[in-house]
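See below for model-v9.tsv, which holds TSV, C-alpha atoms and all ligand atoms.
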chain	number	residue	atom	x	y	z
Z	1187	MET	CA	102.40	143.85	139.66
Z	1188	VAL	CA	99.91	141.01	139.18
Z	1189	SER	CA	99.32	138.68	142.14
Z	1190	VAL	CA	98.74	135.02	141.40
Z	1191	ALA	CA	98.17	131.88	143.47
Z	1192	ILE	CA	99.20	128.31	142.79
Z	1193	MET	CA	97.03	125.46	144.04
Z	1194	GLY	CA	99.26	122.36	144.36
Z	1195	HIS	CA	103.01	122.05	144.94
Z	1196	GLY	CA	103.70	118.66	143.39
Z	1197	VAL	CA	105.86	117.99	140.32
Z	1198	VAL	CA	104.17	120.57	138.06
Z	1199	GLY	CA	103.24	123.08	140.78
Z	1200	SER	CA	106.79	123.28	142.13
Z	1201	GLY	CA	107.97	123.73	138.53
Z	1202	VAL	CA	105.56	126.65	138.04
Z	1203	ALA	CA	106.81	128.34	141.23
Z	1204	GLU	CA	110.42	127.70	140.19
Z	1205	ILE	CA	109.96	129.26	136.73
Z	1206	LEU	CA	108.05	132.26	138.10
Z	1207	LEU	CA	110.89	132.89	140.56
Z	1208	THR	CA	113.92	132.08	138.38
Z	1209	HIS	CA	112.56	133.68	135.18
Z	1210	LYS	CA	111.17	136.77	136.90
Z	1211	GLN	CA	113.15	139.20	134.74
Z	1212	LYS	CA	112.38	137.39	131.48
Z	1213	LEU	CA	108.66	137.37	132.30
Z	1214	PHE	CA	108.76	141.02	133.38
Z	1215	SER	CA	110.12	142.00	129.99
Z	1216	SER	CA	107.28	140.14	128.26
Z	1217	LEU	CA	104.46	141.43	130.47
Z	1218	GLY	CA	105.80	144.81	131.56
Z	1219	GLU	CA	104.80	143.96	135.13
Z	1220	GLU	CA	105.98	141.61	137.85
Z	1221	ILE	CA	104.11	138.35	138.44
Z	1222	TYR	CA	104.02	137.90	142.21
Z	1223	ILE	CA	103.23	134.52	143.78
Z	1224	LYS	CA	101.06	135.61	146.69
Z	1225	LYS	CA	99.90	132.19	147.90
Z	1226	ILE	CA	100.62	128.51	147.32
Z	1227	LEU	CA	98.01	126.01	148.47
Z	1228	ASP	CA	99.22	122.62	149.65
Z	1229	LEU	CA	98.46	120.43	152.65
Z	1230	ARG	CA	102.14	119.61	153.09
Z	1231	GLU	CA	104.86	121.78	154.68
Z	1232	PHE	CA	107.73	123.15	152.55
Z	1233	PRO	CA	110.02	124.81	155.12
Z	1234	ASP	CA	112.96	124.87	152.69
Z	1235	SER	CA	111.13	126.83	150.01
Z	1236	PRO	CA	112.47	130.39	149.47
Z	1237	ILE	CA	108.85	131.55	149.82
Z	1238	ALA	CA	107.85	129.16	152.64
Z	1239	GLU	CA	105.88	131.92	154.40
Z	1240	ARG	CA	103.46	132.21	151.45
Z	1241	PHE	CA	102.18	128.62	151.71
Z	1242	THR	CA	98.67	128.05	153.02
Z	1243	LYS	CA	96.48	125.05	153.68
Z	1244	ASN	CA	93.32	127.14	153.42
Z	1245	PHE	CA	91.72	127.60	149.97
Z	1246	GLU	CA	89.50	130.44	151.25
Z	1247	GLU	CA	92.61	132.60	151.71
Z	1248	ILE	CA	93.07	132.48	147.94
Z	1249	LEU	CA	89.40	132.74	147.05
Z	1250	ASN	CA	88.77	135.77	149.25
Z	1251	ASP	CA	91.92	137.67	148.32
Z	1252	ILE	CA	90.80	140.25	145.78
Z	1253	GLU	CA	94.39	141.06	144.85
Z	1254	ILE	CA	94.83	137.54	143.41
Z	1255	ARG	CA	93.67	137.84	139.81
Z	1256	VAL	CA	94.99	134.56	138.36
Z	1257	VAL	CA	94.87	131.14	140.00
Z	1258	VAL	CA	96.88	128.16	138.78
Z	1259	GLU	CA	95.31	124.76	139.45
Z	1260	VAL	CA	97.95	122.02	139.36
Z	1261	MET	CA	96.56	119.67	141.99
Z	1262	GLY	CA	95.37	117.10	139.48
Z	1263	GLY	CA	92.29	114.89	139.85
Z	1264	LEU	CA	88.69	116.10	139.93
Z	1265	ASN	CA	88.21	116.69	143.63
Z	1266	PRO	CA	88.61	119.27	144.99
Z	1267	ALA	CA	90.02	120.80	141.76
Z	1268	TYR	CA	86.61	121.08	140.03
Z	1269	ASP	CA	84.97	122.84	142.97
Z	1270	TYR	CA	87.93	125.18	143.58
Z	1271	VAL	CA	88.22	126.14	139.90
Z	1272	LYS	CA	84.49	126.88	139.64
Z	1273	ARG	CA	84.60	129.04	142.76
Z	1274	CYS	CA	87.66	130.94	141.53
Z	1275	LEU	CA	86.00	131.66	138.17
Z	1276	LYS	CA	82.78	132.74	139.90
Z	1277	ALA	CA	84.89	135.06	142.07
Z	1278	GLY	CA	86.14	136.78	138.91
Z	1279	LYS	CA	89.61	135.22	138.83
Z	1280	SER	CA	91.12	133.75	135.69
Z	1281	VAL	CA	92.20	130.14	136.03
Z	1282	VAL	CA	95.08	128.26	134.40
Z	1283	THR	CA	95.24	124.49	134.71
Z	1284	SER	CA	97.36	121.56	133.55
Z	1285	ASN	CA	94.62	119.17	134.67
Z	1286	LYS	CA	93.46	117.18	131.61
Z	1287	GLU	CA	91.07	115.11	133.71
Z	1288	LEU	CA	89.30	118.31	134.74
Z	1289	VAL	CA	89.21	119.81	131.23
Z	1290	ALA	CA	88.07	116.54	129.62
Z	1291	ALA	CA	85.30	116.07	132.21
Z	1292	HIS	CA	84.10	119.68	132.66
Z	1293	GLY	CA	85.74	121.82	129.96
Z	1294	ALA	CA	82.52	122.99	128.30
Z	1295	GLU	CA	80.98	124.01	131.62
Z	1296	LEU	CA	84.12	125.81	132.85
Z	1297	LEU	CA	84.58	127.63	129.54
Z	1298	ALA	CA	80.95	128.77	129.69
Z	1299	LEU	CA	81.42	129.95	133.27
Z	1300	ALA	CA	84.58	131.87	132.34
Z	1301	LYS	CA	82.66	133.52	129.49
Z	1302	GLU	CA	79.84	134.48	131.84
Z	1303	GLU	CA	82.26	135.99	134.35
Z	1304	ASN	CA	84.34	137.68	131.64
Z	1305	VAL	CA	87.54	135.98	132.77
Z	1306	ASN	CA	89.83	133.40	131.16
Z	1307	PHE	CA	90.10	129.65	131.60
Z	1308	MET	CA	93.28	128.33	129.96
Z	1309	PHE	CA	94.81	124.86	129.76
Z	1310	GLU	CA	97.71	124.78	127.30
Z	1311	ALA	CA	99.60	122.34	129.57
Z	1312	SER	CA	96.73	119.84	129.63
Z	1313	VAL	CA	97.79	118.35	126.28
Z	1314	GLY	CA	101.36	117.70	125.15
Z	1315	GLY	CA	103.12	119.04	128.28
Z	1316	GLY	CA	105.59	121.64	127.01
Z	1317	ILE	CA	104.42	121.48	123.39
Z	1318	PRO	CA	102.29	124.41	122.23
Z	1319	ILE	CA	99.13	122.83	120.79
Z	1320	ILE	CA	95.96	124.42	122.23
Z	1321	ARG	CA	96.94	127.97	121.29
Z	1322	PRO	CA	98.25	126.99	117.79
Z	1323	MET	CA	95.05	125.05	117.06
Z	1324	ASN	CA	92.84	127.80	118.45
Z	1325	GLN	CA	94.63	130.67	116.76
Z	1326	CYS	CA	97.27	129.85	114.15
Z	1327	LEU	CA	95.24	127.09	112.44
Z	1328	VAL	CA	91.86	128.75	112.85
Z	1329	ALA	CA	91.47	129.25	109.09
Z	1330	ASN	CA	91.50	125.48	108.51
Z	1331	ASN	CA	88.85	122.82	108.53
Z	1332	VAL	CA	90.61	120.12	110.53
Z	1333	GLY	CA	90.30	116.72	108.85
Z	1334	GLU	CA	92.21	114.75	111.44
Z	1335	VAL	CA	94.26	115.00	114.62
Z	1336	ALA	CA	96.47	112.07	115.61
Z	1337	GLY	CA	99.05	111.98	118.33
Z	1338	ILE	CA	101.30	110.25	120.76
Z	1339	LEU	CA	99.84	111.98	123.78
Z	1340	ASN	CA	101.21	110.10	126.76
Z	1341	GLY	CA	104.88	110.30	127.70
Z	1342	THR	CA	104.82	107.41	130.17
Z	1343	THR	CA	103.51	104.82	127.71
Z	1344	ASN	CA	105.71	106.13	124.91
Z	1345	PHE	CA	108.70	105.84	127.25
Z	1346	ILE	CA	107.72	102.24	128.11
Z	1347	LEU	CA	107.13	101.22	124.48
Z	1348	THR	CA	110.41	102.83	123.38
Z	1349	LYS	CA	112.33	100.96	126.09
Z	1350	MET	CA	110.67	97.69	124.97
Z	1351	ILE	CA	111.43	98.37	121.28
Z	1352	ALA	CA	114.95	99.79	121.65
Z	1353	ASP	CA	116.30	97.86	124.67
Z	1354	GLY	CA	114.08	94.79	124.86
Z	1355	MET	CA	113.18	95.95	128.39
Z	1356	GLN	CA	110.30	94.29	130.23
Z	1357	PHE	CA	107.11	96.34	130.68
Z	1358	ALA	CA	107.24	96.53	134.51
Z	1359	ASP	CA	110.87	97.71	134.63
Z	1360	ALA	CA	110.22	100.42	132.06
Z	1361	LEU	CA	107.15	101.63	134.01
Z	1362	LYS	CA	109.14	101.84	137.23
Z	1363	LEU	CA	111.76	103.94	135.44
Z	1364	ALA	CA	109.09	106.30	134.02
Z	1365	GLN	CA	107.64	106.72	137.53
Z	1366	ASP	CA	111.09	107.46	138.98
Z	1367	LEU	CA	111.60	110.13	136.30
Z	1368	GLY	CA	108.33	111.84	137.29
Z	1369	PHE	CA	106.40	111.25	134.04
Z	1370	ALA	CA	103.66	108.98	135.35
Z	1371	GLU	CA	100.29	109.96	136.81
Z	1372	ARG	CA	99.73	109.46	140.55
Z	1373	ASN	CA	97.86	106.33	139.54
Z	1374	PRO	CA	99.81	104.96	136.55
Z	1375	ALA	CA	96.77	102.92	135.45
Z	1376	ALA	CA	95.53	106.17	133.85
Z	1377	ASP	CA	98.64	106.12	131.65
Z	1378	ILE	CA	98.85	102.37	131.00
Z	1379	GLU	CA	95.15	101.85	130.26
Z	1380	GLY	CA	95.03	104.79	127.87
Z	1381	HIS	CA	92.74	107.08	129.93
Z	1382	ASP	CA	95.24	109.94	130.08
Z	1383	ALA	CA	95.75	109.87	126.28
Z	1384	CYS	CA	91.98	109.57	125.83
Z	1385	ARG	CA	91.36	112.72	127.90
Z	1386	LYS	CA	93.89	114.58	125.76
Z	1387	ILE	CA	92.40	113.53	122.41
Z	1388	CYS	CA	88.97	114.48	123.80
Z	1389	ILE	CA	90.28	117.99	124.54
Z	1390	LEU	CA	91.78	118.30	121.04
Z	1391	ALA	CA	88.61	116.93	119.40
Z	1392	SER	CA	86.45	119.38	121.38
Z	1393	LEU	CA	88.67	122.23	120.25
Z	1394	ALA	CA	88.85	121.06	116.62
Z	1395	TYR	CA	85.13	120.39	116.17
Z	1396	GLY	CA	83.52	122.84	118.62
Z	1397	LYS	CA	81.55	120.34	120.72
Z	1398	HIS	CA	82.66	118.76	123.96
Z	1399	VAL	CA	83.71	115.13	123.57
Z	1400	TYR	CA	83.47	113.26	126.88
Z	1401	PRO	CA	85.98	110.44	127.57
Z	1402	GLU	CA	83.10	108.03	128.29
Z	1403	SER	CA	82.06	108.27	124.61
Z	1404	VAL	CA	85.50	107.28	123.34
Z	1405	HIS	CA	86.65	103.69	122.86
Z	1406	THR	CA	89.93	103.35	124.78
Z	1407	GLU	CA	92.53	100.59	124.91
Z	1408	GLY	CA	95.84	100.68	126.77
Z	1409	ILE	CA	99.22	99.04	126.30
Z	1410	SER	CA	99.24	96.46	129.09
Z	1411	GLY	CA	98.56	93.65	126.59
Z	1412	ILE	CA	101.49	94.54	124.30
Z	1413	THR	CA	104.25	91.94	124.43
Z	1414	LEU	CA	107.86	91.85	123.25
Z	1415	SER	CA	106.69	89.37	120.55
Z	1416	ASP	CA	104.27	91.97	119.14
Z	1417	VAL	CA	106.94	94.65	119.21
Z	1418	THR	CA	109.41	92.41	117.35
Z	1419	LEU	CA	106.90	91.15	114.80
Z	1420	ALA	CA	105.62	94.67	114.11
Z	1421	LYS	CA	109.22	95.72	113.44
Z	1422	SER	CA	109.63	92.84	110.93
Z	1423	PHE	CA	106.65	94.24	108.99
Z	1424	GLY	CA	108.11	97.79	109.04
Z	1425	TYR	CA	106.08	99.25	111.91
Z	1426	VAL	CA	106.54	100.43	115.49
Z	1427	ILE	CA	103.82	100.13	118.12
Z	1428	LYS	CA	102.69	103.43	119.64
Z	1429	LEU	CA	99.71	104.44	121.79
Z	1430	ILE	CA	97.74	106.77	119.55
Z	1431	GLY	CA	94.86	109.15	120.22
Z	1432	LYS	CA	93.12	109.90	116.96
Z	1433	VAL	CA	90.08	111.80	115.75
Z	1434	LYS	CA	88.95	112.08	112.15
Z	1435	LYS	CA	86.09	113.99	110.57
Z	1436	LEU	CA	84.08	111.76	108.23
Z	1437	GLU	CA	82.16	112.79	105.13
Z	1438	SER	CA	78.93	112.27	107.06
Z	1439	GLY	CA	80.01	115.14	109.33
Z	1440	LYS	CA	80.43	112.76	112.29
Z	1441	ILE	CA	83.75	112.05	113.96
Z	1442	ASP	CA	85.64	108.78	114.37
Z	1443	ILE	CA	87.62	108.98	117.62
Z	1444	LEU	CA	89.55	106.42	119.63
Z	1445	THR	CA	92.61	105.79	121.77
Z	1446	ALA	CA	94.46	102.53	121.19
Z	1447	PRO	CA	97.89	101.05	120.53
Z	1448	MET	CA	98.55	101.08	116.80
Z	1449	LEU	CA	101.15	99.83	114.36
Z	1450	VAL	CA	102.64	103.04	112.99
Z	1451	PRO	CA	104.46	102.75	109.64
Z	1452	LEU	CA	108.15	103.68	109.82
Z	1453	LYS	CA	107.55	106.33	107.14
Z	1454	SER	CA	105.12	108.18	109.43
Z	1455	GLN	CA	106.52	111.19	111.29
Z	1456	LEU	CA	104.96	109.82	114.47
Z	1457	SER	CA	107.08	106.63	114.26
Z	1458	ASN	CA	110.23	108.50	115.32
Z	1459	ILE	CA	108.76	110.06	118.43
Z	1460	ASP	CA	110.39	108.21	121.30
Z	1461	TYR	CA	110.80	108.13	125.07
Z	1462	GLU	CA	108.74	110.73	126.97
Z	1463	PHE	CA	108.35	112.88	123.86
Z	1464	ASN	CA	104.90	113.51	122.40
Z	1465	GLY	CA	104.02	114.25	118.80
Z	1466	ILE	CA	100.76	115.57	117.43
Z	1467	MET	CA	99.77	115.77	113.77
Z	1468	VAL	CA	97.00	118.19	112.81
Z	1469	ARG	CA	95.70	117.88	109.25
Z	1470	GLY	CA	94.32	121.21	108.05
Z	1471	ASP	CA	92.61	121.62	104.69
Z	1472	CYS	CA	94.73	124.70	103.93
Z	1473	THR	CA	98.00	123.80	105.65
Z	1474	GLY	CA	98.16	120.06	105.05
Z	1475	ASP	CA	99.85	118.18	107.88
Z	1476	VAL	CA	101.39	120.19	110.71
Z	1477	VAL	CA	103.35	118.23	113.32
Z	1478	PHE	CA	104.08	119.39	116.86
Z	1479	TYR	CA	106.87	117.67	118.77
Z	1480	GLY	CA	108.42	118.01	122.22
Z	1481	LYS	CA	108.44	116.83	125.81
Z	1482	GLY	CA	104.93	115.78	126.75
Z	1483	ALA	CA	105.60	115.17	130.43
Z	1484	GLY	CA	107.90	116.26	133.23
Z	1485	LYS	CA	108.20	119.15	135.66
Z	1486	LEU	CA	109.67	122.08	133.74
Z	1487	PRO	CA	108.25	121.32	130.24
Z	1488	THR	CA	104.70	121.19	131.66
Z	1489	ALA	CA	105.30	124.16	133.97
Z	1490	SER	CA	106.55	126.16	130.97
Z	1491	ALA	CA	103.14	125.81	129.29
Z	1492	VAL	CA	101.34	126.74	132.52
Z	1493	VAL	CA	103.46	129.88	132.96
Z	1494	ALA	CA	102.78	130.91	129.33
Z	1495	ASP	CA	99.04	130.79	130.12
Z	1496	VAL	CA	99.60	132.77	133.32
Z	1497	VAL	CA	101.36	135.49	131.30
Z	1498	ASP	CA	98.53	135.46	128.74
Z	1499	CYS	CA	95.93	135.80	131.52
Z	1500	CYS	CA	97.92	138.63	133.14
Z	1501	LYS	CA	98.09	140.41	129.78
Z	1502	HIS	CA	94.32	140.06	129.36
Z	1503	LEU	CA	92.93	140.76	132.81
Z	1504	LYS	CA	90.25	142.96	131.36
Z	1505	ALA	CA	89.64	141.12	128.09
Z	1506	ARG	CA	88.73	137.57	127.22
Z	1507	ARG	CA	91.02	135.46	125.04
Z	1508	PHE	CA	88.54	133.64	122.85
Z	1509	LEU	CA	88.75	129.95	123.68
Z	1510	PHE	CA	85.44	128.15	123.66
Z	1511	TRP	CA	83.47	125.06	122.68
Z	1512	ALA	CA	79.86	124.11	123.27
Z	1513	ASP	CA	78.63	121.16	125.30
Z	1514	GLY	CA	78.25	117.87	123.42
Z	1515	ASP	CA	75.97	114.84	123.74
Z	1516	GLY	CA	78.03	112.27	121.82
Z	1517	SER	CA	75.62	112.22	118.87
Z	1518	ASN	CA	78.41	113.42	116.55
Z	1519	ILE	CA	80.58	110.33	117.29
Z	1520	ILE	CA	80.40	107.04	115.37
Z	1521	SER	CA	80.59	103.70	117.17
Z	1522	TYR	CA	84.12	102.27	117.33
Z	1523	LYS	CA	82.68	99.16	115.66
Z	1524	ASP	CA	82.12	101.24	112.50
Z	1525	SER	CA	85.66	102.55	112.48
Z	1526	VAL	CA	87.65	101.17	109.55
Z	1527	SER	CA	91.30	100.09	109.66
Z	1528	ALA	CA	93.64	97.28	108.65
Z	1529	MET	CA	94.56	95.00	111.55
Z	1530	TYR	CA	97.60	93.15	112.88
Z	1531	LEU	CA	96.91	89.90	114.69
Z	1532	ARG	CA	99.00	87.17	116.25
Z	1533	VAL	CA	97.49	83.69	116.30
Z	1534	SER	CA	98.31	80.05	116.91
Z	1535	GLY	CA	96.56	76.79	116.00
Z	1536	GLU	CA	96.48	74.09	113.36
Z	1537	ASP	CA	96.25	75.30	109.74
Z	1538	ALA	CA	96.33	78.87	111.07
Z	1539	GLU	CA	97.65	80.42	107.85
Z	1540	ALA	CA	95.07	78.80	105.57
Z	1541	LYS	CA	92.17	79.54	107.93
Z	1542	VAL	CA	93.18	83.16	108.49
Z	1543	GLN	CA	93.67	83.69	104.75
Z	1544	THR	CA	90.23	82.26	103.97
Z	1545	ALA	CA	88.71	84.51	106.61
Z	1546	PHE	CA	90.37	87.81	105.66
Z	1547	GLY	CA	91.39	87.41	101.99
Z	1548	GLU	CA	94.67	89.03	101.04
Z	1549	ILE	CA	97.06	88.98	104.02
Z	1550	SER	CA	100.77	89.49	104.78
Z	1551	THR	CA	102.28	86.99	107.20
Z	1552	ALA	CA	105.34	86.35	109.39
Z	1553	TRP	CA	106.11	83.41	111.68
Z	1554	SER	CA	107.84	83.53	115.08
Z	1555	ASP	CA	108.18	80.66	117.60
Z	1556	GLY	CA	105.28	78.73	116.07
Z	1557	GLU	CA	102.99	81.79	116.13
Z	1558	LEU	CA	101.63	83.45	113.03
Z	1559	ALA	CA	101.48	87.23	112.67
Z	1560	VAL	CA	99.09	88.61	110.06
Z	1561	LEU	CA	98.29	91.98	108.52
Z	1562	THR	CA	94.72	92.11	107.18
Z	1563	PRO	CA	93.14	94.40	104.60
Z	1564	GLU	CA	91.03	97.32	105.85
Z	1565	LEU	CA	87.71	96.40	107.42
Z	1566	ARG	CA	85.15	97.63	109.94
Z	1567	TYR	CA	86.20	96.82	113.52
Z	1568	GLY	CA	82.84	95.13	114.17
Z	1569	GLU	CA	83.41	92.85	111.18
Z	1570	PHE	CA	86.95	92.09	112.41
Z	1571	GLN	CA	85.56	91.01	115.78
Z	1572	GLU	CA	83.00	88.70	114.12
Z	1573	ILE	CA	85.71	87.06	111.98
Z	1574	CYS	CA	87.94	86.57	115.04
Z	1575	GLU	CA	85.06	84.92	116.90
Z	1576	ALA	CA	84.50	82.54	113.97
Z	1577	LEU	CA	88.23	81.73	113.84
Z	1578	GLU	CA	88.25	80.95	117.56
Z	1579	ASN	CA	85.29	78.62	117.07
Z	1580	ASP	CA	87.40	76.94	114.39
Z	1581	GLY	CA	90.26	76.23	116.83
Z	1582	ILE	CA	92.44	79.29	116.21
Z	1583	LYS	CA	93.72	81.11	119.28
Z	1584	ILE	CA	93.87	84.90	118.90
Z	1585	LEU	CA	96.91	85.94	120.96
Z	1586	SER	CA	96.75	89.66	120.21
Z	1587	SER	CA	95.22	92.14	117.80
Z	1588	ILE	CA	96.28	95.73	117.14
Z	1589	ARG	CA	94.99	98.34	114.69
Z	1590	ILE	CA	97.25	99.54	111.89
Z	1591	GLY	CA	97.37	103.31	111.96
Z	1592	ASP	CA	96.90	105.09	108.66
Z	1593	ILE	CA	99.02	108.00	109.89
B	1	LIG	N1	101.31	111.05	132.83
B	1	LIG	C1	101.33	111.98	131.76
B	1	LIG	C2	102.21	111.44	130.65
B	1	LIG	C3	101.84	113.30	132.24
B	1	LIG	O1	102.94	110.46	130.91
B	1	LIG	O2	102.17	111.92	129.53
B	1	LIG	C4	101.63	114.42	131.28
B	1	LIG	O3	100.28	114.63	131.01
Using the file provided, produce a representation of the structure as structure tokens.
Amino acid sequence: MVSVAIMGHGVVGSGVAEILLTHKQKLFSSLGEEIYIKKILDLREFPDSPIAERFTKNFEEILNDIEIRVVVEVMGGLNPAYDYVKRCLKAGKSVVTSNKELVAAHGAELLALAKEENVNFMFEASVGGGIPIIRPMNQCLVANNVGEVAGILNGTTNFILTKMIADGMQFADALKLAQDLGFAERNPAADIEGHDACRKICILASLAYGKHVYPESVHTEGISGITLSDVTLAKSFGYVIKLIGKVKKLESGKIDILTAPMLVPLKSQLSNIDYEFNGIMVRGDCTGDVVFYGKGAGKLPTASAVVADVVDCCKHLKARRFLFWADGDGSNIISYKDSVSAMYLRVSGEDAEAKVQTAFGEISTAWSDGELAVLTPELRYGEFQEICEALENDGIKILSSIRIGDI
């Protein structure tokens, strides 16, 4: 029998406990031993739980219990998760987390600590919810040089955008629905403003390129500025708007990484990924494109990935599963202003078409309610900003601008 503890009994934590209890037999046949939940840490009371007597409000009870070999951190946020995880690793316990904020902020340090203590630190659930992505990238695709990773990494925003595209639903109503369904972060600004997706692409970039990428080094835009007009106009050009996290290795050896809404061509596999589903494309030099698809948010999908890590840790109590990247200083990342893409923009103003054409050269256009939508050729983002500034000085109002994803 292996004793484990779960820190946090919210949406994901209660899902982890549920799977460990309801799938006991299934997990026993995989591990050859029982996984026993010895303690659950939460400040709230859960008198109706079938294991109510195993709840504690005291972290030290978990830390000081030498029988507990694996600790699951599903509290979310940095505090006290960061401190508790460090102390568990230092105490010789393996740690499994679904906390992308923690991994994106402190992954390199926690991986180094796990290595030092000869234990495991695993976080399959931190990216893509129930989709296997960390383990496949770390093991199955290890023979590849990864040229690019691009994904729809946030279920809440994908749910909102799908509702806007498919049902013409207003942004706020779609967000409320996503929150009611349990997809959203405690503070949904992390979803809406792109920070959650940014943390996830940082984790994948760190894994793909071996150096920690901190969210502060990554240009991030959310979806709060996307309107029903943009969604409709994008559709008329043959695109859907999706929030994309993307990292690409350039010939210089540096990486181009950002999180932003993008126009995704209908022929792209990512264009059909809807509602709370996530999709991640990994471009390997041997495999070509490999696409991972599934539920990226929600109680049981996310808990399923956590439990898989728990089983892996239990199977390797005396051996390390090699998962590691070094710390990074951001020097391998290009400025977002040097990133190249074609752009969509929506403008209004006198002689808009002629002025925009003169500014960008060859463009595709569509009109809607007196507003002009334009697709530009590829250009550096910094150059695009300078042209937009000049157009505004010439009386053109820029109503929105969105990158066109080459994915
Ligand atoms: N809020 C996140 C999402 C949860 O919507 O994708 C899963 O990380």
(message) Using all atoms listed in the file, which protein or nucleic acid residues come within 12 Å of His1195 in chain Z? Drop anything in the same chain fewer than 2 positions from it, and give the result as a ChimeraX atom specification.
(response) /Z:1191-1193,1197-1204,1225-1232,1235,1238,1241-1243,1258-1262,1485,1489
What does the file look like for those residues with C-alpha atoms, as a compact mmCIF listing (two decimals), in the frame of the given file?
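Just written: selection-v2.txt:
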# COMPACT_ATOMS: atom_id res chain seq x y z
CA ALA Z 1191 98.17 131.88 143.47
CA ILE Z 1192 99.20 128.31 142.79
CA MET Z 1193 97.03 125.46 144.04
CA VAL Z 1197 105.86 117.99 140.32
CA VAL Z 1198 104.17 120.57 138.06
CA GLY Z 1199 103.24 123.08 140.78
CA SER Z 1200 106.79 123.28 142.13
CA GLY Z 1201 107.97 123.73 138.53
CA VAL Z 1202 105.56 126.65 138.04
CA ALA Z 1203 106.81 128.34 141.23
CA GLU Z 1204 110.42 127.70 140.19
CA LYS Z 1225 99.90 132.19 147.90
CA ILE Z 1226 100.62 128.51 147.32
CA LEU Z 1227 98.01 126.01 148.47
CA ASP Z 1228 99.22 122.62 149.65
CA LEU Z 1229 98.46 120.43 152.65
CA ARG Z 1230 102.14 119.61 153.09
CA GLU Z 1231 104.86 121.78 154.68
CA PHE Z 1232 107.73 123.15 152.55
CA SER Z 1235 111.13 126.83 150.01
CA ALA Z 1238 107.85 129.16 152.64
CA PHE Z 1241 102.18 128.62 151.71
CA THR Z 1242 98.67 128.05 153.02
CA LYS Z 1243 96.48 125.05 153.68
CA VAL Z 1258 96.88 128.16 138.78
CA GLU Z 1259 95.31 124.76 139.45
CA VAL Z 1260 97.95 122.02 139.36
CA MET Z 1261 96.56 119.67 141.99
CA GLY Z 1262 95.37 117.10 139.48
CA LYS Z 1485 108.20 119.15 135.66
CA ALA Z 1489 105.30 124.16 133.97
(message) For a quick check of understanding, using all atoms listed in the file, which of Z:Ile1378, Z:Ala1545, Z:Leu1585, Z:Ile1443 has the smallest distance to ligand LIG 1 (chain B)?
(response)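 Once distances to ligand LIG 1 (chain B) are computed over all atoms listed in the file, the minimum belongs to Z:Ile1378.
Atom pair CA of Val1281 in chain Z / CA of Asn1250 in chain Z: separated by 14.8 Å.
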Closest atom pairs, range 1274-1358 of chain Z residues within 12 Å of range 1406-1413 of chain Z, all atoms listed in the file, as CSV:
residue,atom,partner,partner_atom,distance
Z:Asn1340,CA,Z:Gly1408,CA,10.8
Z:Thr1342,CA,Z:Ile1409,CA,10.8
Z:Thr1343,CA,Z:Ile1409,CA,7.3
Z:Asn1344,CA,Z:Ile1409,CA,9.7
Z:Phe1345,CA,Z:Ile1409,CA,11.7
Z:Ile1346,CA,Z:Ile1409,CA,9.3
Z:Leu1347,CA,Z:Ile1409,CA,8.4
Z:Met1350,CA,Z:Thr1413,CA,8.6
Z:Ile1351,CA,Z:Thr1413,CA,10.1
Z:Gly1354,CA,Z:Thr1413,CA,10.2
Z:Met1355,CA,Z:Thr1413,CA,10.6
Z:Gln1356,CA,Z:Thr1413,CA,8.7
Z:Phe1357,CA,Z:Ser1410,CA,8.0
Z:Ala1358,CA,Z:Ser1410,CA,9.7
Long-range neighbours of Met1448 in chain Z as an mmCIF file with C-alpha atoms, in the frame of the given file, 9 Å cut-off, all atoms listed in the file, 4 positions minimum in chain:
data_model
loop_
_atom_site.group_PDB
_atom_site.id
_atom_site.type_symbol
_atom_site.label_atom_id
_atom_site.label_comp_id
_atom_site.auth_asym_id
_atom_site.auth_seq_id
_atom_site.Cartn_x
_atom_site.Cartn_y
_atom_site.Cartn_z
ATOM 1 C CA VAL Z 1426 106.540 100.430 115.490
ATOM 2 C CA ILE Z 1427 103.820 100.130 118.120
ATOM 3 C CA LYS Z 1428 102.690 103.430 119.640
ATOM 4 C CA LEU Z 1429 99.710 104.440 121.790
ATOM 5 C CA ILE Z 1430 97.740 106.770 119.550
ATOM 6 C CA MET Z 1529 94.560 95.000 111.550
ATOM 7 C CA TYR Z 1530 97.600 93.150 112.880
ATOM 8 C CA ILE Z 1588 96.280 95.730 117.140
ATOM 9 C CA ARG Z 1589 94.990 98.340 114.690
ATOM 10 C CA ILE Z 1590 97.250 99.540 111.890
ATOM 11 C CA GLY Z 1591 97.370 103.310 111.960
#
(request) Return as number ranges by chain the residues of protein, DNA or RNA that approach ligand LIG 1 (chain B) to within 8 Å, with all atoms listed in the file taken into account. (result) Z: 1284, 1286, 1311-1315, 1339-1344, 1369-1371, 1374, 1376-1377, 1382-1383, 1462, 1464, 1482-1484, 1488
